[in-house]
file query.pdb (PDB, C-alpha atoms and all ligand atoms)
ATOM      1  CA  GLN H  62      -8.943   9.259  22.849
ATOM      2  CA  THR H  63      -8.626  10.828  26.252
ATOM      3  CA  GLU H  64      -6.438  13.876  26.646
ATOM      4  CA  THR H  65      -3.512  11.691  27.790
ATOM      5  CA  GLY H  66      -4.122   9.337  24.857
ATOM      6  CA  ARG H  67      -3.921  12.283  22.493
ATOM      7  CA  ALA H  68      -0.777  13.618  24.121
ATOM      8  CA  ARG H  69       0.891  10.180  23.845
ATOM      9  CA  ILE H  70       0.142   9.961  20.124
ATOM     10  CA  GLU H  71       1.370  13.512  19.535
ATOM     11  CA  GLU H  72       4.585  12.711  21.382
ATOM     12  CA  ALA H  73       4.977   9.467  19.437
ATOM     13  CA  ILE H  74       4.642  11.070  16.000
ATOM     14  CA  ALA H  75       7.057  13.838  17.011
ATOM     15  CA  ALA H  76       9.588  11.199  18.110
ATOM     16  CA  GLY H  77       8.999   9.193  14.909
ATOM     17  CA  TYR H  78       9.585  12.321  12.849
ATOM     18  CA  ALA H  79      12.777  13.162  14.762
ATOM     19  CA  ALA H  80      14.146   9.617  14.453
ATOM     20  CA  ALA H  81      13.473   9.646  10.715
ATOM     21  CA  GLN H  82      15.021  13.071  10.287
ATOM     22  CA  ALA H  83      18.197  11.809  11.964
ATOM     23  CA  THR H  84      18.394   8.923   9.458
ATOM     24  CA  GLY H  85      20.093   9.252   6.072
ATOM     25  CA  GLY H  86      20.585   6.996   3.124
ATOM     26  CA  GLY H  87      18.439   5.604   0.381
ATOM     27  CA  LYS H  88      17.620   6.951  -3.051
ATOM     28  CA  ASN H  89      14.430   8.013  -4.823
ATOM     29  CA  ALA H  90      13.055   5.420  -7.232
ATOM     30  CA  ASP H  91      14.436   6.336 -10.642
ATOM     31  CA  TYR H  92      13.019   3.623 -12.904
ATOM     32  CA  ILE H  93       9.857   5.733 -13.042
ATOM     33  CA  PRO H  94      11.082   9.146 -14.313
ATOM     34  CA  PHE H  95       8.522  11.192 -12.336
ATOM     35  CA  LEU H  96       9.542   9.687  -8.981
ATOM     36  CA  ALA H  97      13.178  10.667  -9.475
ATOM     37  CA  SER H  98      12.099  14.320  -9.510
ATOM     38  CA  VAL H  99      10.267  14.383  -6.145
ATOM     39  CA  PRO H 100      12.174  16.456  -3.494
ATOM     40  CA  PRO H 101      14.000  13.821  -1.399
ATOM     41  CA  ASP H 102      13.897  15.787   1.857
ATOM     42  CA  LEU H 103      10.122  15.651   2.270
ATOM     43  CA  LEU H 104       9.110  13.897   5.485
ATOM     44  CA  ALA H 105       5.713  13.314   7.092
ATOM     45  CA  VAL H 106       4.174  11.144   9.784
ATOM     46  CA  ALA H 107       0.467  10.688  10.519
ATOM     47  CA  VAL H 108      -1.764   8.583  12.736
ATOM     48  CA  VAL H 109      -5.511   8.115  12.349
ATOM     49  CA  THR H 110      -7.277   6.242  15.140
ATOM     50  CA  ALA H 111     -10.140   3.757  14.857
ATOM     51  CA  GLU H 112     -12.308   6.536  16.329
ATOM     52  CA  GLY H 113     -11.343   8.892  13.502
ATOM     53  CA  GLN H 114      -8.940  11.214  15.301
ATOM     54  CA  VAL H 115      -6.203  12.587  13.044
ATOM     55  CA  PHE H 116      -2.626  13.364  14.121
ATOM     56  CA  LYS H 117       0.025  14.646  11.733
ATOM     57  CA  THR H 118       3.439  16.245  11.552
ATOM     58  CA  GLY H 119       5.838  17.418   8.836
ATOM     59  CA  ASP H 120       4.800  17.495   5.172
ATOM     60  CA  ALA H 121       1.633  15.534   5.932
ATOM     61  CA  ASP H 122      -0.482  17.401   3.370
ATOM     62  CA  TYR H 123       1.995  16.908   0.511
ATOM     63  CA  ALA H 124       0.400  14.620  -2.099
ATOM     64  CA  PHE H 125       2.603  11.872  -3.565
ATOM     65  CA  ALA H 126       2.129   8.799  -5.746
ATOM     66  CA  ILE H 127       0.484   5.937  -3.859
ATOM     67  CA  GLU H 128       2.275   3.302  -5.995
ATOM     68  CA  SER H 129       2.265  -0.187  -4.486
ATOM     69  CA  ILE H 130       0.204   0.777  -1.456
ATOM     70  CA  SER H 131      -2.719   0.801  -3.929
ATOM     71  CA  LYS H 132      -2.354  -2.994  -4.140
ATOM     72  CA  VAL H 133      -3.919  -3.349  -0.689
ATOM     73  CA  PHE H 134      -7.057  -1.491  -1.734
ATOM     74  CA  THR H 135      -7.538  -3.213  -5.084
ATOM     75  CA  LEU H 136      -7.118  -6.481  -3.195
ATOM     76  CA  ALA H 137      -9.919  -5.320  -0.863
ATOM     77  CA  LEU H 138     -12.123  -4.389  -3.831
ATOM     78  CA  VAL H 139     -11.599  -7.745  -5.518
ATOM     79  CA  MET H 140     -12.235  -9.578  -2.246
ATOM     80  CA  GLU H 141     -15.599  -7.811  -1.969
ATOM     81  CA  ALA H 142     -16.437  -8.995  -5.493
ATOM     82  CA  ILE H 143     -15.257 -12.621  -5.466
ATOM     83  CA  GLY H 144     -14.778 -13.458  -1.770
ATOM     84  CA  ALA H 145     -11.735 -14.241   0.356
ATOM     85  CA  SER H 146     -11.318 -17.889  -0.636
ATOM     86  CA  ALA H 147     -11.346 -17.136  -4.395
ATOM     87  CA  VAL H 148      -8.749 -14.412  -3.768
ATOM     88  CA  HIS H 149      -6.638 -16.889  -1.819
ATOM     89  CA  GLU H 150      -6.929 -19.483  -4.562
ATOM     90  CA  LYS H 151      -6.244 -17.123  -7.505
ATOM     91  CA  LEU H 152      -3.787 -14.600  -6.037
ATOM     92  CA  GLY H 153      -2.151 -16.485  -3.148
ATOM     93  CA  ALA H 154      -1.006 -15.419   0.313
ATOM     94  CA  ASP H 155       2.661 -16.355   0.505
ATOM     95  CA  PRO H 156       5.786 -14.224   0.417
ATOM     96  CA  THR H 157       7.788 -14.559  -2.789
ATOM     97  CA  GLY H 158      11.172 -13.775  -1.220
ATOM     98  CA  LEU H 159      11.915 -11.962  -4.478
ATOM     99  CA  PRO H 160      11.851  -8.331  -5.668
ATOM    100  CA  PHE H 161       8.377  -6.853  -6.216
ATOM    101  CA  ASN H 162       8.512  -7.040  -9.994
ATOM    102  CA  SER H 163      10.201 -10.440 -10.257
ATOM    103  CA  VAL H 164       9.019 -12.915 -12.881
ATOM    104  CA  ILE H 165      10.845 -15.819 -11.238
ATOM    105  CA  ALA H 166       8.073 -16.675  -8.768
ATOM    106  CA  LEU H 167       5.680 -16.985 -11.712
ATOM    107  CA  GLU H 168       8.031 -19.334 -13.521
ATOM    108  CA  LEU H 169       8.353 -21.511 -10.399
ATOM    109  CA  HIS H 170       4.608 -21.741  -9.734
ATOM    110  CA  GLN H 171       3.101 -22.386 -13.171
ATOM    111  CA  GLY H 172       2.077 -18.744 -13.570
ATOM    112  CA  LYS H 173       0.183 -18.514 -10.285
ATOM    113  CA  PRO H 174       1.087 -15.312  -8.463
ATOM    114  CA  LEU H 175       2.006 -15.991  -4.835
ATOM    115  CA  SER H 176       0.744 -12.692  -3.461
ATOM    116  CA  PRO H 177      -1.592  -9.869  -4.514
ATOM    117  CA  LEU H 178       0.969  -7.436  -3.076
ATOM    118  CA  VAL H 179       3.679  -8.007  -5.675
ATOM    119  CA  ASN H 180       3.316  -6.778  -9.249
ATOM    120  CA  ALA H 181       2.281 -10.127 -10.770
ATOM    121  CA  GLY H 182      -0.481 -10.706  -8.218
ATOM    122  CA  ALA H 183      -1.540  -7.067  -8.312
ATOM    123  CA  ILE H 184      -1.867  -7.097 -12.099
ATOM    124  CA  ALA H 185      -3.893 -10.328 -11.807
ATOM    125  CA  ALA H 186      -6.026  -8.577  -9.154
ATOM    126  CA  ALA H 187      -6.579  -5.621 -11.493
ATOM    127  CA  SER H 188      -7.710  -8.111 -14.148
ATOM    128  CA  LEU H 189     -10.389  -9.353 -11.703
ATOM    129  CA  VAL H 190     -11.967  -5.928 -11.141
ATOM    130  CA  ALA H 191     -15.442  -6.110 -12.619
ATOM    131  CA  GLY H 192     -16.195  -3.852 -15.574
ATOM    132  CA  SER H 193     -16.907  -4.021 -19.272
ATOM    133  CA  ASP H 194     -13.851  -1.966 -20.191
ATOM    134  CA  ALA H 195     -10.784  -0.258 -18.721
ATOM    135  CA  GLU H 196     -12.737   2.920 -17.934
ATOM    136  CA  SER H 197     -15.387   1.184 -15.845
ATOM    137  CA  CYS H 198     -12.773  -0.882 -13.941
ATOM    138  CA  TRP H 199     -10.802   2.279 -13.350
ATOM    139  CA  ALA H 200     -13.880   4.129 -12.095
ATOM    140  CA  SER H 201     -14.512   1.489  -9.436
ATOM    141  CA  ILE H 202     -10.838   1.412  -8.336
ATOM    142  CA  LEU H 203     -10.788   5.187  -7.951
ATOM    143  CA  ASP H 204     -14.124   5.199  -6.120
ATOM    144  CA  ASN H 205     -12.804   2.486  -3.786
ATOM    145  CA  GLN H 206      -9.572   4.387  -2.997
ATOM    146  CA  SER H 207     -11.705   7.486  -2.332
ATOM    147  CA  ARG H 208     -14.019   5.659   0.073
ATOM    148  CA  PHE H 209     -11.041   4.310   2.014
ATOM    149  CA  ALA H 210      -9.515   7.809   2.168
ATOM    150  CA  GLY H 211     -12.798   9.571   2.907
ATOM    151  CA  ARG H 212     -12.290  12.158   0.181
ATOM    152  CA  PRO H 213     -12.113  12.157  -3.629
ATOM    153  CA  ILE H 214      -8.755  10.728  -4.690
ATOM    154  CA  ALA H 215      -7.512  11.685  -8.166
ATOM    155  CA  LEU H 216      -5.099  10.403 -10.773
ATOM    156  CA  SER H 217      -1.947  12.404 -11.399
ATOM    157  CA  PRO H 218      -1.801  12.637 -15.210
ATOM    158  CA  GLU H 219       1.917  13.386 -14.876
ATOM    159  CA  VAL H 220       2.735  10.289 -12.809
ATOM    160  CA  ASN H 221       0.459   8.152 -14.958
ATOM    161  CA  SER H 222       1.997   9.181 -18.275
ATOM    162  CA  SER H 223       5.488   8.766 -16.836
ATOM    163  CA  GLU H 224       4.611   5.203 -15.789
ATOM    164  CA  GLN H 225       2.554   4.257 -18.850
ATOM    165  CA  ALA H 226       5.494   5.279 -21.056
ATOM    166  CA  THR H 227       7.981   3.096 -19.148
ATOM    167  CA  ASN H 228       6.032   0.069 -17.829
ATOM    168  CA  PHE H 229       7.445  -2.494 -20.285
ATOM    169  CA  HIS H 230       8.445  -4.874 -17.508
ATOM    170  CA  ASN H 231       4.927  -4.917 -16.073
ATOM    171  CA  ARG H 232       3.503  -5.515 -19.549
ATOM    172  CA  ALA H 233       5.775  -8.559 -19.836
ATOM    173  CA  ILE H 234       4.474  -9.805 -16.465
ATOM    174  CA  ALA H 235       0.885  -9.441 -17.708
ATOM    175  CA  TRP H 236       1.612 -11.465 -20.845
ATOM    176  CA  LEU H 237       3.265 -14.193 -18.733
ATOM    177  CA  LEU H 238       0.166 -14.316 -16.528
ATOM    178  CA  TYR H 239      -2.057 -14.405 -19.587
ATOM    179  CA  SER H 240      -0.146 -17.272 -21.162
ATOM    180  CA  ALA H 241      -0.555 -19.250 -17.922
ATOM    181  CA  GLY H 242      -4.292 -18.524 -17.716
ATOM    182  CA  THR H 243      -3.907 -16.370 -14.594
ATOM    183  CA  CYS H 244      -4.781 -12.973 -16.093
ATOM    184  CA  TYR H 245      -8.572 -12.659 -16.155
ATOM    185  CA  SER H 246      -8.996  -9.763 -18.598
ATOM    186  CA  ASP H 247      -7.143  -8.499 -21.622
ATOM    187  CA  PRO H 248      -3.552  -8.292 -20.266
ATOM    188  CA  MET H 249      -2.871  -4.782 -21.576
ATOM    189  CA  ARG H 250      -6.102  -3.572 -20.025
ATOM    190  CA  ALA H 251      -5.005  -5.107 -16.700
ATOM    191  CA  VAL H 252      -1.639  -3.304 -16.846
ATOM    192  CA  ASP H 253      -3.280  -0.050 -17.900
ATOM    193  CA  VAL H 254      -5.654  -0.175 -14.925
ATOM    194  CA  TYR H 255      -2.877  -1.322 -12.548
ATOM    195  CA  THR H 256      -0.607   1.518 -13.707
ATOM    196  CA  ARG H 257      -3.368   4.066 -13.131
ATOM    197  CA  GLN H 258      -4.121   2.726  -9.647
ATOM    198  CA  CYS H 259      -0.431   3.293  -8.763
ATOM    199  CA  SER H 260      -0.560   6.854 -10.134
ATOM    200  CA  THR H 261      -3.094   8.418  -7.797
ATOM    201  CA  LEU H 262      -1.978  11.129  -5.382
ATOM    202  CA  VAL H 263      -2.429  10.727  -1.642
ATOM    203  CA  THR H 264      -1.243  12.609   1.420
ATOM    204  CA  THR H 265       0.194  10.916   4.494
ATOM    205  CA  VAL H 266      -3.090  11.694   6.267
ATOM    206  CA  ASP H 267      -5.012   9.982   3.421
ATOM    207  CA  LEU H 268      -2.846   6.881   3.827
ATOM    208  CA  ALA H 269      -3.385   6.807   7.571
ATOM    209  CA  THR H 270      -7.148   7.178   7.044
ATOM    210  CA  MET H 271      -7.131   4.322   4.520
ATOM    211  CA  GLY H 272      -5.290   2.194   7.072
ATOM    212  CA  ALA H 273      -7.605   3.270   9.882
ATOM    213  CA  THR H 274     -10.516   1.959   7.801
ATOM    214  CA  LEU H 275      -8.858  -1.460   8.063
ATOM    215  CA  ALA H 276      -7.995  -0.915  11.752
ATOM    216  CA  SER H 277     -11.645  -0.223  12.519
ATOM    217  CA  GLY H 278     -12.977  -3.371  10.849
ATOM    218  CA  GLY H 279     -13.791  -1.994   7.390
ATOM    219  CA  VAL H 280     -15.656   1.180   8.407
ATOM    220  CA  ASN H 281     -13.980   4.496   7.553
ATOM    221  CA  PRO H 282     -13.746   6.051  11.035
ATOM    222  CA  VAL H 283     -13.857   9.604   9.679
ATOM    223  CA  THR H 284     -16.837   9.322   7.291
ATOM    224  CA  LYS H 285     -18.413   6.364   9.191
ATOM    225  CA  GLU H 286     -19.060   4.622   5.854
ATOM    226  CA  ARG H 287     -18.686   0.825   5.748
ATOM    227  CA  VAL H 288     -16.205   0.305   2.904
ATOM    228  CA  ILE H 289     -15.600  -3.464   3.082
ATOM    229  CA  ALA H 290     -16.971  -6.454   4.968
ATOM    230  CA  GLY H 291     -15.526  -6.835   8.457
ATOM    231  CA  ASP H 292     -14.545 -10.443   7.708
ATOM    232  CA  HIS H 293     -12.197  -9.305   4.964
ATOM    233  CA  VAL H 294      -9.939  -7.250   7.206
ATOM    234  CA  ALA H 295      -8.014 -10.170   8.755
ATOM    235  CA  PRO H 296      -7.043 -11.829   5.448
ATOM    236  CA  ILE H 297      -5.995  -8.442   3.993
ATOM    237  CA  LEU H 298      -3.797  -7.725   7.025
ATOM    238  CA  ALA H 299      -2.345 -11.247   6.763
ATOM    239  CA  GLU H 300      -1.332 -10.500   3.166
ATOM    240  CA  MET H 301       0.318  -7.275   4.362
ATOM    241  CA  MET H 302       2.220  -9.110   7.099
ATOM    242  CA  MET H 303       3.503 -11.706   4.620
ATOM    243  CA  GLU H 304       4.542  -9.509   1.689
ATOM    244  CA  GLY H 305       3.902  -5.842   2.512
ATOM    245  CA  LEU H 306       7.563  -4.818   2.470
ATOM    246  CA  TYR H 307       8.739  -7.166  -0.288
ATOM    247  CA  THR H 308      12.027  -8.912   0.485
ATOM    248  CA  SER H 309      12.239  -7.268   3.898
ATOM    249  CA  SER H 310       8.735  -8.293   5.024
ATOM    250  CA  GLY H 311      10.228 -10.849   7.416
ATOM    251  CA  ASP H 312      12.694  -8.352   8.859
ATOM    252  CA  TRP H 313       9.836  -5.923   9.382
ATOM    253  CA  ALA H 314       7.694  -8.578  11.119
ATOM    254  CA  PHE H 315      10.657  -9.498  13.314
ATOM    255  CA  ASN H 316      11.413  -5.897  14.301
ATOM    256  CA  VAL H 317       8.011  -4.207  14.288
ATOM    257  CA  GLY H 318       5.337  -6.919  14.223
ATOM    258  CA  LEU H 319       2.640  -4.963  12.378
ATOM    259  CA  PRO H 320       1.007  -5.541   8.980
ATOM    260  CA  ALA H 321       2.306  -2.832   6.662
ATOM    261  CA  LYS H 322       2.620  -1.831   3.026
ATOM    262  CA  SER H 323       5.140   0.334   1.248
ATOM    263  CA  GLY H 324       5.233   2.002  -2.161
ATOM    264  CA  VAL H 325       8.095   3.238  -4.349
ATOM    265  CA  GLY H 326       6.625   6.746  -4.118
ATOM    266  CA  GLY H 327       8.019   6.812  -0.553
ATOM    267  CA  GLY H 328       4.814   6.084   1.365
ATOM    268  CA  ILE H 329       4.429   3.419   4.040
ATOM    269  CA  LEU H 330       1.387   2.404   6.052
ATOM    270  CA  ALA H 331       1.062   0.117   9.096
ATOM    271  CA  VAL H 332      -2.156  -1.049  10.752
ATOM    272  CA  VAL H 333      -2.784  -1.844  14.419
ATOM    273  CA  PRO H 334      -6.090  -3.792  14.315
ATOM    274  CA  GLY H 335      -8.779  -2.249  16.484
ATOM    275  CA  LYS H 336      -6.576   0.723  17.370
ATOM    276  CA  LEU H 337      -5.124   2.914  14.645
ATOM    277  CA  ALA H 338      -3.006   3.238  11.519
ATOM    278  CA  ILE H 339       0.426   4.833  11.245
ATOM    279  CA  ALA H 340       1.595   6.306   7.925
ATOM    280  CA  ALA H 341       4.807   8.004   6.874
ATOM    281  CA  PHE H 342       6.252   9.506   3.711
ATOM    282  CA  ALA H 343       9.879  10.108   2.698
ATOM    283  CA  PRO H 344      10.987   9.437  -0.897
ATOM    284  CA  PRO H 345      14.457   7.813  -0.615
ATOM    285  CA  LEU H 346      14.192   4.000  -0.757
ATOM    286  CA  ASP H 347      16.344   1.089   0.356
ATOM    287  CA  ASP H 348      17.340  -1.758  -1.970
ATOM    288  CA  ALA H 349      14.062  -3.614  -1.392
ATOM    289  CA  GLY H 350      12.061  -0.530  -2.497
ATOM    290  CA  ASN H 351      10.891   0.630   0.940
ATOM    291  CA  SER H 352      11.173   4.197   2.264
ATOM    292  CA  VAL H 353      14.252   4.337   4.504
ATOM    293  CA  ARG H 354      13.033   7.130   6.768
ATOM    294  CA  GLY H 355       9.395   6.057   6.498
ATOM    295  CA  GLN H 356      10.247   2.695   8.051
ATOM    296  CA  VAL H 357      12.167   4.379  10.867
ATOM    297  CA  ALA H 358       9.280   6.760  11.582
ATOM    298  CA  VAL H 359       6.560   4.089  11.615
ATOM    299  CA  ALA H 360       8.660   1.694  13.698
ATOM    300  CA  LYS H 361       9.392   4.433  16.244
ATOM    301  CA  VAL H 362       5.738   5.438  16.588
ATOM    302  CA  ALA H 363       4.711   1.780  17.052
ATOM    303  CA  GLU H 364       7.452   1.230  19.614
ATOM    304  CA  ILE H 365       6.532   4.284  21.671
ATOM    305  CA  LEU H 366       2.826   3.430  21.630
ATOM    306  CA  GLY H 367       3.683  -0.167  22.542
ATOM    307  CA  TYR H 368       2.098  -1.855  19.517
ATOM    308  CA  ASN H 369       3.459  -5.162  18.193
ATOM    309  CA  LEU H 370       0.950  -7.923  17.366
ATOM    310  CA  PHE H 371       3.321 -10.626  18.524
ATOM    311  CA  ARG H 372       3.991  -9.198  21.964
ATOM    312  CA  PRO H 373       1.830 -10.928  24.622
TER     313      PRO H 373
HETATM  314  N1  LIG H 401       3.941   1.311 -10.235
HETATM  315  C1  LIG H 401       5.080   0.668  -9.642
HETATM  316  C2  LIG H 401       5.472  -0.547 -10.454
HETATM  317  O1  LIG H 401       4.636  -1.301 -10.832
HETATM  318  C3  LIG H 401       4.758   0.276  -8.215
HETATM  319  C4  LIG H 401       5.835  -0.543  -7.560
HETATM  320  C5  LIG H 401       6.000  -0.334  -6.085
HETATM  321  O2  LIG H 401       5.564   0.641  -5.482
HETATM  322  N2  LIG H 401       6.750  -1.216  -5.484
HETATM  323  O3  LIG H 401       6.611  -0.768 -10.756
END
call {"tool": "encode", "arguments": {"input": "query.pdb", "output": "structure tokens"}}
result
Amino acid sequence: QTETGRARIEEAIAAGYAAAQATGGGKNADYIPFLASVPPDLLAVAVVTAEGQVFKTGDADYAFAIESISKVFTLALVMEAIGASAVHEKLGADPTGLPFNSVIALELHQGKPLSPLVNAGAIAAASLVAGSDAESCWASILDNQSRFAGRPIALSPEVNSSEQATNFHNRAIAWLLYSAGTCYSDPMRAVDVYTRQCSTLVTTVDLATMGATLASGGVNPVTKERVIAGDHVAPILAEMMMEGLYTSSGDWAFNVGLPAKSGVGGGILAVVPGKLAIAAFAPPLDDAGNSVRGQVAVAKVAEILGYNLFRP
């Protein structure tokens, strides 16, 4: 970035932060006990460019649970292992139009998950991670998240035990998949691994770096390591555009026009292919499970920088 480019991004994240700070509403996720206890006033915005420049403001070094944003990276890992067309065939690429943990889409489609970015498809994705047991699958998921972030990512034992003790609904989803032949490992192993992948701690800067690795065609722009094949970026971003914000994915596409992914920990990440990634963190969520202030911040940054994939 030139000096003016840097100044524009700094101005944009400051404006995104201010717009988010002026927005109220929403409520921390409370179905996972740990998430209910996170201070709701935390707020951070970060941008990492495809050249590896880092911009941040607010609580950008506060580490929070990655939750559903992890689905993007396990999808990427599985795509490396089995290829894009097998992912498309097994996990789908359509929006469900239903809440992230709905079982109804499974019932309507003979147990085939429609998207790897809702719980059913993400648990099926976790079941496709190669490994002889849960520990070896988990090791490759953690290594993959770390390579996207450019630093060692770690599990929060606190978040993980809170989720493992309460994930009955996800276990039911795994058994439904298994009965339909669409869970490709022991179902309880798949949920165990999926629950752990949601329980790692990331900062807003980590999220933006993970997104920038997609923005720069699969190479982490900070460490310069190739993390995934360049050809896999477009289908991953397509999945994010279709289902990244659950039942408000269409609203987000209409208003912002960028592939994005949210998590119930309060994180949100958007990718501008070839340019940069924008991440934000603020715990209170809307009814769809997306960070209220995080959406405002990311949308504002994108608007100020003039990024919308659908704008000619
Ligand atoms: N671990 C959470 C769950 O499976 C993740 C959900 C989310 O972030 N939307 O319920």
call {"tool": "closest_atom_pairs", "arguments": {"input": "query.pdb", "of": "chain H", "to": "ligand LIG 401 (chain H)", "cutoff": "7 Å", "atoms": "only C-alpha atoms and all ligand atoms", "output": "CSV"}}
result
residue,atom,partner,partner_atom,distance
H:Glu128,CA,H:LIG401,O2,4.3
H:Ser129,CA,H:LIG401,O2,3.5
H:Ile130,CA,H:LIG401,O2,6.7
H:Phe161,CA,H:LIG401,N2,5.9
H:Asn162,CA,H:LIG401,O3,6.6
H:Asn180,CA,H:LIG401,O1,5.9
H:Glu224,CA,H:LIG401,N1,6.8
H:Asn231,CA,H:LIG401,O1,6.4
H:Thr256,CA,H:LIG401,N1,5.7
H:Cys259,CA,H:LIG401,N1,5.0
H:Ser323,CA,H:LIG401,O2,6.8
H:Gly324,CA,H:LIG401,O2,3.6
H:Val325,CA,H:LIG401,O2,3.8
H:Gly326,CA,H:LIG401,O2,6.3
H:Gly350,CA,H:LIG401,N2,6.1
call {"tool": "residues_around", "arguments": {"input": "query.pdb", "residues": "H:Arg372", "least_positions_apart": "2", "cutoff": "12 Å", "atoms": "all atoms listed in the file", "output": "count of residues only"}}
result
11
call {"tool": "resolve_selection", "arguments": {"input": "query.pdb", "expression": "the PyMOL selection byres (((chain H and resi 278) around 9) and not hetatm)", "output": "PyMOL selection string"}}
result
chain H and resi 111+273-277+279-281+287+289-295+334-335
call {"tool": "residues_near_point", "arguments": {"input": "query.pdb", "point": "(-2.2, -18.2, 1.5)", "cutoff": "8 Å", "atoms": "all atoms listed in the file", "output": "VMD selection string"}}
result
chain H and resid 149 to 150 153 to 155 175 to 176 300
call {"tool": "write_last_selection", "arguments": {"input": "query.pdb", "atoms": "C-alpha atoms", "output": "mmCIF file, in the coordinates of the input"}}
result
data_model
loop_
_atom_site.group_PDB
_atom_site.id
_atom_site.type_symbol
_atom_site.label_atom_id
_atom_site.label_comp_id
_atom_site.auth_asym_id
_atom_site.auth_seq_id
_atom_site.Cartn_x
_atom_site.Cartn_y
_atom_site.Cartn_z
ATOM 1 C CA HIS H 149 -6.638 -16.889 -1.819
ATOM 2 C CA GLU H 150 -6.929 -19.483 -4.562
ATOM 3 C CA GLY H 153 -2.151 -16.485 -3.148
ATOM 4 C CA ALA H 154 -1.006 -15.419 0.313
ATOM 5 C CA ASP H 155 2.661 -16.355 0.505
ATOM 6 C CA LEU H 175 2.006 -15.991 -4.835
ATOM 7 C CA SER H 176 0.744 -12.692 -3.461
ATOM 8 C CA GLU H 300 -1.332 -10.500 3.166
#
call {"tool": "closest_residue", "arguments": {"input": "query.pdb", "among": "H:Val333, H:Ser310, H:Ser201, H:Gly328", "to": "H:Leu298", "atoms": "only C-alpha atoms"}}
result
H:Val333
call {"tool": "resolve_selection", "arguments": {"input": "query.pdb", "expression": "the PyMOL selection byres (((chain H and resi 225) around 12) and not hetatm)", "output": "NGL selection string"}}
result
:H and (93-95 or 217-224 or 226-232 or 249-250 or 252-260)
call {"tool": "write_last_selection", "arguments": {"input": "query.pdb", "atoms": "C-alpha atoms", "output": "PDB file, in the coordinates of the input"}}
result
ATOM      1  CA  ILE H  93       9.857   5.733 -13.042  1.00  0.00           C
ATOM      2  CA  PRO H  94      11.082   9.146 -14.313  1.00  0.00           C
ATOM      3  CA  PHE H  95       8.522  11.192 -12.336  1.00  0.00           C
ATOM      4  CA  SER H 217      -1.947  12.404 -11.399  1.00  0.00           C
ATOM      5  CA  PRO H 218      -1.801  12.637 -15.210  1.00  0.00           C
ATOM      6  CA  GLU H 219       1.917  13.386 -14.876  1.00  0.00           C
ATOM      7  CA  VAL H 220       2.735  10.289 -12.809  1.00  0.00           C
ATOM      8  CA  ASN H 221       0.459   8.152 -14.958  1.00  0.00           C
ATOM      9  CA  SER H 222       1.997   9.181 -18.275  1.00  0.00           C
ATOM     10  CA  SER H 223       5.488   8.766 -16.836  1.00  0.00           C
ATOM     11  CA  GLU H 224       4.611   5.203 -15.789  1.00  0.00           C
ATOM     12  CA  ALA H 226       5.494   5.279 -21.056  1.00  0.00           C
ATOM     13  CA  THR H 227       7.981   3.096 -19.148  1.00  0.00           C
ATOM     14  CA  ASN H 228       6.032   0.069 -17.829  1.00  0.00           C
ATOM     15  CA  PHE H 229       7.445  -2.494 -20.285  1.00  0.00           C
ATOM     16  CA  HIS H 230       8.445  -4.874 -17.508  1.00  0.00           C
ATOM     17  CA  ASN H 231       4.927  -4.917 -16.073  1.00  0.00           C
ATOM     18  CA  ARG H 232       3.503  -5.515 -19.549  1.00  0.00           C
ATOM     19  CA  MET H 249      -2.871  -4.782 -21.576  1.00  0.00           C
ATOM     20  CA  ARG H 250      -6.102  -3.572 -20.025  1.00  0.00           C
ATOM     21  CA  VAL H 252      -1.639  -3.304 -16.846  1.00  0.00           C
ATOM     22  CA  ASP H 253      -3.280  -0.050 -17.900  1.00  0.00           C
ATOM     23  CA  VAL H 254      -5.654  -0.175 -14.925  1.00  0.00           C
ATOM     24  CA  TYR H 255      -2.877  -1.322 -12.548  1.00  0.00           C
ATOM     25  CA  THR H 256      -0.607   1.518 -13.707  1.00  0.00           C
ATOM     26  CA  ARG H 257      -3.368   4.066 -13.131  1.00  0.00           C
ATOM     27  CA  GLN H 258      -4.121   2.726  -9.647  1.00  0.00           C
ATOM     28  CA  CYS H 259      -0.431   3.293  -8.763  1.00  0.00           C
ATOM     29  CA  SER H 260      -0.560   6.854 -10.134  1.00  0.00           C
TER      30      SER H 260
END
call {"tool": "atom_distance", "arguments": {"input": "query.pdb", "atom1": "atom CA of H:Tyr92", "atom2": "atom CA of H:Ala195"}}
result
24.8 Å
call {"tool": "closest_residue", "arguments": {"input": "query.pdb", "among": "H:Ala251, H:Val99, H:Ala76, H:Val357", "to": "H:Tyr123", "atoms": "all atoms listed in the file"}}
result
H:Val99
call {"tool": "resolve_selection", "arguments": {"input": "query.pdb", "expression": "the PyMOL selection byres (((chain H and resi 71) around 12) and not hetatm)", "output": "list in words"}}
result
Gln62, Glu64, Thr65, Gly66, Arg67, Ala68, Arg69, Ile70, Glu72, Ala73, Ile74, Ala75, Ala76, Gly77, Tyr78, Val106, Ala107, Val108, Val109, Gln114, Val115, Phe116, Lys117, Thr118, Val362, Ile365 and Leu366 of chain H
call {"tool": "residues_around", "arguments": {"input": "query.pdb", "residues": "H:Gln206", "least_positions_apart": "4", "cutoff": "10 Å", "atoms": "all atoms listed in the file", "output": "VMD selection string"}}
result
chain H and resid 131 133 to 135 137 to 138 201 to 202 210 to 215 258 261 263 267 to 268 271 288
call {"tool": "residues_around", "arguments": {"input": "query.pdb", "residues": "H:Val179", "least_positions_apart": "2", "cutoff": "9 Å", "atoms": "only C-alpha atoms", "output": "PyMOL selection string"}}
result
chain H and resi 129+132+156-157+160-163+174-177+181-184+304-305+307
call {"tool": "closest_residue", "arguments": {"input": "query.pdb", "among": "H:Ala81, H:Thr265, H:Glu141, H:Ala343", "to": "H:Ala121", "atoms": "only C-alpha atoms"}}
result
H:Thr265
call {"tool": "closest_residue", "arguments": {"input": "query.pdb", "among": "H:Pro373, H:Gly327, H:Pro248, H:Gly158", "to": "H:Met303", "atoms": "only C-alpha atoms"}}
result
H:Gly158
